[in-house]
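Reproduced below: start-v6.cif, with mmCIF, N, CA and C atoms.
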```cif
data_target
#
loop_
_atom_site.label_atom_id
_atom_site.label_comp_id
_atom_site.auth_asym_id
_atom_site.auth_seq_id
_atom_site.Cartn_x
_atom_site.Cartn_y
_atom_site.Cartn_z
N MET O 1 111.62 69.78 121.67
CA MET O 1 110.96 71.03 121.41
C MET O 1 111.72 71.73 120.28
N PRO O 2 111.01 72.14 119.23
CA PRO O 2 111.68 72.77 118.09
C PRO O 2 112.05 74.24 118.34
N TRP O 3 112.90 74.76 117.47
CA TRP O 3 113.31 76.16 117.50
C TRP O 3 112.51 76.92 116.46
N TYR O 4 112.17 78.17 116.77
CA TYR O 4 111.43 79.02 115.84
C TYR O 4 112.14 80.36 115.68
N ALA O 5 112.20 80.81 114.42
CA ALA O 5 112.73 82.14 114.12
C ALA O 5 111.54 83.09 114.05
N VAL O 6 111.67 84.23 114.72
CA VAL O 6 110.59 85.22 114.75
C VAL O 6 111.16 86.55 114.25
N PRO O 7 111.03 86.83 112.95
CA PRO O 7 111.41 88.14 112.43
C PRO O 7 110.16 88.98 112.15
N PRO O 8 110.32 90.28 112.00
CA PRO O 8 109.16 91.08 111.59
C PRO O 8 108.90 90.87 110.10
N ARG O 9 107.65 90.95 109.68
CA ARG O 9 107.32 90.81 108.25
C ARG O 9 107.98 91.93 107.46
N ASP O 10 108.01 93.13 108.03
CA ASP O 10 108.65 94.28 107.39
C ASP O 10 109.91 94.62 108.19
N ALA O 11 111.07 94.48 107.55
CA ALA O 11 112.34 94.72 108.26
C ALA O 11 112.45 96.14 108.81
N ALA O 12 111.68 97.08 108.28
CA ALA O 12 111.74 98.47 108.74
C ALA O 12 110.65 98.78 109.78
N ASP O 13 109.97 97.77 110.30
CA ASP O 13 108.90 98.00 111.28
C ASP O 13 109.49 98.65 112.54
N PRO O 14 109.04 99.85 112.89
CA PRO O 14 109.62 100.55 114.05
C PRO O 14 109.29 99.89 115.39
N ARG O 15 108.37 98.93 115.41
CA ARG O 15 108.03 98.25 116.66
C ARG O 15 109.04 97.17 117.03
N TRP O 16 109.93 96.78 116.10
CA TRP O 16 110.88 95.70 116.36
C TRP O 16 111.76 96.08 117.54
N PRO O 17 111.85 95.23 118.58
CA PRO O 17 112.53 95.61 119.82
C PRO O 17 114.06 95.58 119.77
N LEU O 18 114.66 94.93 118.77
CA LEU O 18 116.11 94.81 118.73
C LEU O 18 116.67 95.29 117.39
N PRO O 19 116.76 96.61 117.18
CA PRO O 19 117.31 97.09 115.92
C PRO O 19 118.69 96.51 115.67
N GLY O 20 118.96 96.16 114.43
CA GLY O 20 120.24 95.56 114.10
C GLY O 20 120.21 94.04 114.18
N THR O 21 119.13 93.48 114.68
CA THR O 21 118.95 92.03 114.77
C THR O 21 117.80 91.65 113.85
N ALA O 22 118.07 90.79 112.88
CA ALA O 22 117.06 90.44 111.88
C ALA O 22 115.93 89.58 112.43
N GLU O 23 116.25 88.72 113.41
CA GLU O 23 115.24 87.83 113.96
C GLU O 23 115.63 87.39 115.36
N ILE O 24 114.65 86.87 116.06
CA ILE O 24 114.88 86.29 117.38
C ILE O 24 114.56 84.81 117.25
N VAL O 25 115.47 83.96 117.73
CA VAL O 25 115.26 82.51 117.66
C VAL O 25 115.00 82.01 119.07
N LEU O 26 113.90 81.26 119.21
CA LEU O 26 113.55 80.74 120.53
C LEU O 26 112.94 79.36 120.42
N LYS O 27 112.94 78.66 121.53
CA LYS O 27 112.40 77.30 121.60
C LYS O 27 110.95 77.39 122.02
N ALA O 28 110.09 76.64 121.32
CA ALA O 28 108.66 76.66 121.65
C ALA O 28 108.01 75.37 121.19
N ASP O 29 106.81 75.12 121.70
CA ASP O 29 106.07 73.91 121.33
C ASP O 29 105.52 74.00 119.91
N ASP O 30 105.09 75.19 119.51
CA ASP O 30 104.48 75.39 118.19
C ASP O 30 104.57 76.87 117.85
N PRO O 31 104.17 77.28 116.63
CA PRO O 31 104.25 78.70 116.27
C PRO O 31 103.47 79.63 117.20
N ASP O 32 102.31 79.21 117.66
CA ASP O 32 101.53 80.05 118.58
C ASP O 32 102.26 80.25 119.90
N ASP O 33 102.91 79.19 120.38
CA ASP O 33 103.69 79.29 121.61
C ASP O 33 104.89 80.22 121.40
N ALA O 34 105.48 80.19 120.22
CA ALA O 34 106.61 81.08 119.91
C ALA O 34 106.15 82.54 119.95
N ARG O 35 104.98 82.83 119.39
CA ARG O 35 104.43 84.20 119.44
C ARG O 35 104.18 84.63 120.88
N THR O 36 103.64 83.71 121.69
CA THR O 36 103.36 84.02 123.09
C THR O 36 104.65 84.32 123.84
N LYS O 37 105.68 83.52 123.61
CA LYS O 37 106.96 83.74 124.29
C LYS O 37 107.60 85.05 123.84
N PHE O 38 107.50 85.35 122.54
CA PHE O 38 108.02 86.62 122.04
C PHE O 38 107.30 87.78 122.72
N SER O 39 105.98 87.72 122.78
CA SER O 39 105.19 88.79 123.39
C SER O 39 105.51 88.96 124.87
N ALA O 40 105.80 87.86 125.56
CA ALA O 40 106.15 87.94 126.97
C ALA O 40 107.54 88.57 127.16
N ALA O 41 108.47 88.26 126.26
CA ALA O 41 109.82 88.78 126.39
C ALA O 41 109.93 90.23 125.91
N TYR O 42 109.15 90.60 124.89
CA TYR O 42 109.20 91.94 124.31
C TYR O 42 107.78 92.49 124.22
N PRO O 43 107.17 92.83 125.37
CA PRO O 43 105.76 93.21 125.37
C PRO O 43 105.46 94.49 124.60
N SER O 44 106.22 95.52 124.76
CA SER O 44 106.04 96.80 124.09
C SER O 44 106.56 97.89 125.00
N GLN O 45 106.25 99.11 124.65
CA GLN O 45 106.51 100.19 125.58
C GLN O 45 105.60 99.89 126.77
N PRO O 46 106.12 99.80 127.96
CA PRO O 46 105.38 99.22 129.07
C PRO O 46 103.97 99.74 129.32
N TYR O 47 103.77 101.04 129.27
CA TYR O 47 102.44 101.53 129.62
C TYR O 47 101.87 102.47 128.58
N GLY O 48 102.07 102.16 127.33
CA GLY O 48 101.46 102.94 126.27
C GLY O 48 101.92 104.38 126.27
N SER O 49 100.98 105.28 126.23
CA SER O 49 101.28 106.71 126.21
C SER O 49 100.37 107.40 127.22
N PRO O 50 100.60 108.69 127.47
CA PRO O 50 99.70 109.39 128.39
C PRO O 50 98.24 109.36 127.92
N VAL O 51 98.04 109.27 126.62
CA VAL O 51 96.68 109.22 126.10
C VAL O 51 96.05 107.85 126.35
N THR O 52 96.83 106.79 126.20
CA THR O 52 96.34 105.43 126.44
C THR O 52 97.28 104.72 127.40
N PRO O 53 97.13 104.97 128.72
CA PRO O 53 98.03 104.36 129.70
C PRO O 53 97.65 102.92 130.02
N VAL O 54 97.62 102.07 128.98
CA VAL O 54 97.23 100.68 129.13
C VAL O 54 98.49 99.83 129.08
N ARG O 55 98.63 98.93 130.02
CA ARG O 55 99.81 98.07 130.09
C ARG O 55 100.00 97.29 128.79
N ASP O 56 101.25 97.23 128.32
CA ASP O 56 101.66 96.47 127.15
C ASP O 56 100.90 96.86 125.88
N ALA O 57 100.53 98.10 125.75
CA ALA O 57 99.83 98.55 124.55
C ALA O 57 100.49 99.78 123.96
N GLY O 58 101.76 99.96 124.24
CA GLY O 58 102.47 101.12 123.72
C GLY O 58 102.76 100.98 122.24
N GLY O 59 103.47 101.95 121.72
CA GLY O 59 103.77 102.00 120.30
C GLY O 59 104.56 100.81 119.81
N GLY O 60 105.25 100.10 120.67
CA GLY O 60 106.05 98.96 120.25
C GLY O 60 105.33 97.64 120.32
N SER O 61 104.04 97.66 120.50
CA SER O 61 103.30 96.42 120.71
C SER O 61 102.95 95.71 119.41
N PHE O 62 103.22 94.41 119.36
CA PHE O 62 102.78 93.57 118.25
C PHE O 62 101.47 92.89 118.61
N GLN O 63 100.97 93.14 119.80
CA GLN O 63 99.73 92.54 120.26
C GLN O 63 98.58 93.00 119.35
N GLY O 64 97.74 92.07 118.94
CA GLY O 64 96.63 92.40 118.08
C GLY O 64 97.00 92.53 116.61
N ASP O 65 98.24 92.24 116.25
CA ASP O 65 98.69 92.33 114.86
C ASP O 65 99.48 91.07 114.52
N PRO O 66 98.82 89.90 114.44
CA PRO O 66 99.53 88.64 114.24
C PRO O 66 100.27 88.55 112.89
N ASP O 67 99.83 89.33 111.89
CA ASP O 67 100.49 89.27 110.59
C ASP O 67 101.79 90.06 110.53
N ALA O 68 102.11 90.82 111.58
CA ALA O 68 103.32 91.63 111.59
C ALA O 68 104.58 90.80 111.84
N LEU O 69 104.40 89.60 112.41
CA LEU O 69 105.54 88.72 112.68
C LEU O 69 105.44 87.47 111.83
N VAL O 70 106.59 86.99 111.37
CA VAL O 70 106.65 85.73 110.63
C VAL O 70 107.27 84.72 111.59
N VAL O 71 106.60 83.61 111.82
CA VAL O 71 107.13 82.58 112.71
C VAL O 71 107.37 81.34 111.88
N ALA O 72 108.64 80.90 111.83
CA ALA O 72 109.00 79.73 111.01
C ALA O 72 109.94 78.83 111.80
N GLU O 73 109.72 77.54 111.68
CA GLU O 73 110.60 76.58 112.35
C GLU O 73 111.99 76.69 111.74
N THR O 74 113.00 76.58 112.58
CA THR O 74 114.39 76.71 112.15
C THR O 74 115.26 75.75 112.94
N GLY O 75 116.52 75.70 112.62
CA GLY O 75 117.46 74.86 113.36
C GLY O 75 117.94 75.55 114.62
N GLU O 76 118.63 74.80 115.43
CA GLU O 76 119.19 75.35 116.66
C GLU O 76 120.20 76.43 116.33
N PRO O 77 120.13 77.58 116.99
CA PRO O 77 121.08 78.66 116.70
C PRO O 77 122.48 78.30 117.19
N PRO O 78 123.51 78.89 116.58
CA PRO O 78 124.87 78.62 117.05
C PRO O 78 125.07 79.19 118.46
N ALA O 79 125.96 78.58 119.19
CA ALA O 79 126.26 79.03 120.54
C ALA O 79 126.94 80.40 120.45
N PRO O 80 126.61 81.30 121.39
CA PRO O 80 127.26 82.62 121.36
C PRO O 80 128.75 82.49 121.64
N ARG O 81 129.50 83.32 120.98
CA ARG O 81 130.96 83.33 121.21
C ARG O 81 131.29 84.27 122.34
N GLY O 82 132.14 83.83 123.21
CA GLY O 82 132.48 84.61 124.37
C GLY O 82 133.71 85.32 124.27
#
```

Take the structure in the file and give it back as structure tokens.
Amino acid sequence: MPWYAVPPRDAADPRWPLPGTAEIVLKADDPDDARTKFSAAYPSQPYGSPVTPVRDAGGGSFQGDPDALVVAETGEPPAPRG
């Protein structure tokens, strides 16, 4: 199973869930699977806003905006240092 890097297309996108981190690297079957795994791990602000109390549709949601993320195959990330 290959590794995929998932960064935002715009580095200043306020929806990015991990400020200070340029990309998230994860293992997936294909680019679509990588997007699905990213969405499952970082869904958004959980219940939107009082105006739109819809699950996973808050201001941090990348759902419905596939061009906001760049998914590219990459090498295995280095092991974290302890």

**Request:** Have a look at O:Val6, O:Ala12, O:Leu69, O:Ser61 and name the one nearest to Ile24 (chain O); count only C-alpha atoms.
**Result:**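 The answer is O:Val6, which sits nearest to Ile24 (chain O).
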
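Interatomic distance, CA of Asp67 (chain O) to atom C of Ala41 (chain O): 18.0 Å.
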
**Request:** Apply the PyMOL selection byres ((chain O and resi 28-37) around 6.5) to the structure shown and report the selected residues as number ranges by chain.
**Result:** O: 1-4, 26-27, 38-42, 71

**Message:** Under the rule that only C-alpha atoms are counted, which of O:Ala5, O:Leu18, O:Ala11, O:Val25 is the nearest residue to Ala79 (chain O)?
**Reply:** O:Val25

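Between CA of Pro66 (chain O) and atom N of Pro19 (chain O) there is a distance of 19.2 Å.
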
**Message:** I'd like the interatomic distance between CA of Asp10 (chain O) and atom N of Pro80 (chain O), to a tenth of an Å.
**Reply:**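 Atom-to-atom, CA of Asp10 (chain O) and atom N of Pro80 (chain O) are spaced 26.2 Å apart.
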
**Message:** Using only C-alpha atoms for the distances, tell me which of O:Arg15, O:Gly75, O:Arg81, O:Ala22 is nearest to Gln63 (chain O).
**Reply:**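 For Gln63 (chain O), the nearest of the candidates is O:Arg15.
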
**Message:** Using only C-alpha atoms, can you tell me which of O:Pro43, O:Pro7, O:Pro14, O:Pro78 comes closest to Gly64 (chain O)?
**Reply:** O:Pro43

**Request:** Skip Ala68 (chain O) itself and residues of its chain fewer than 3 positions away, then list as a list in words all residues within 8 Å of it, counting only C-alpha atoms.
**Result:** Pro8, Arg9, Asp10, Phe62 and Asp65 of chain O
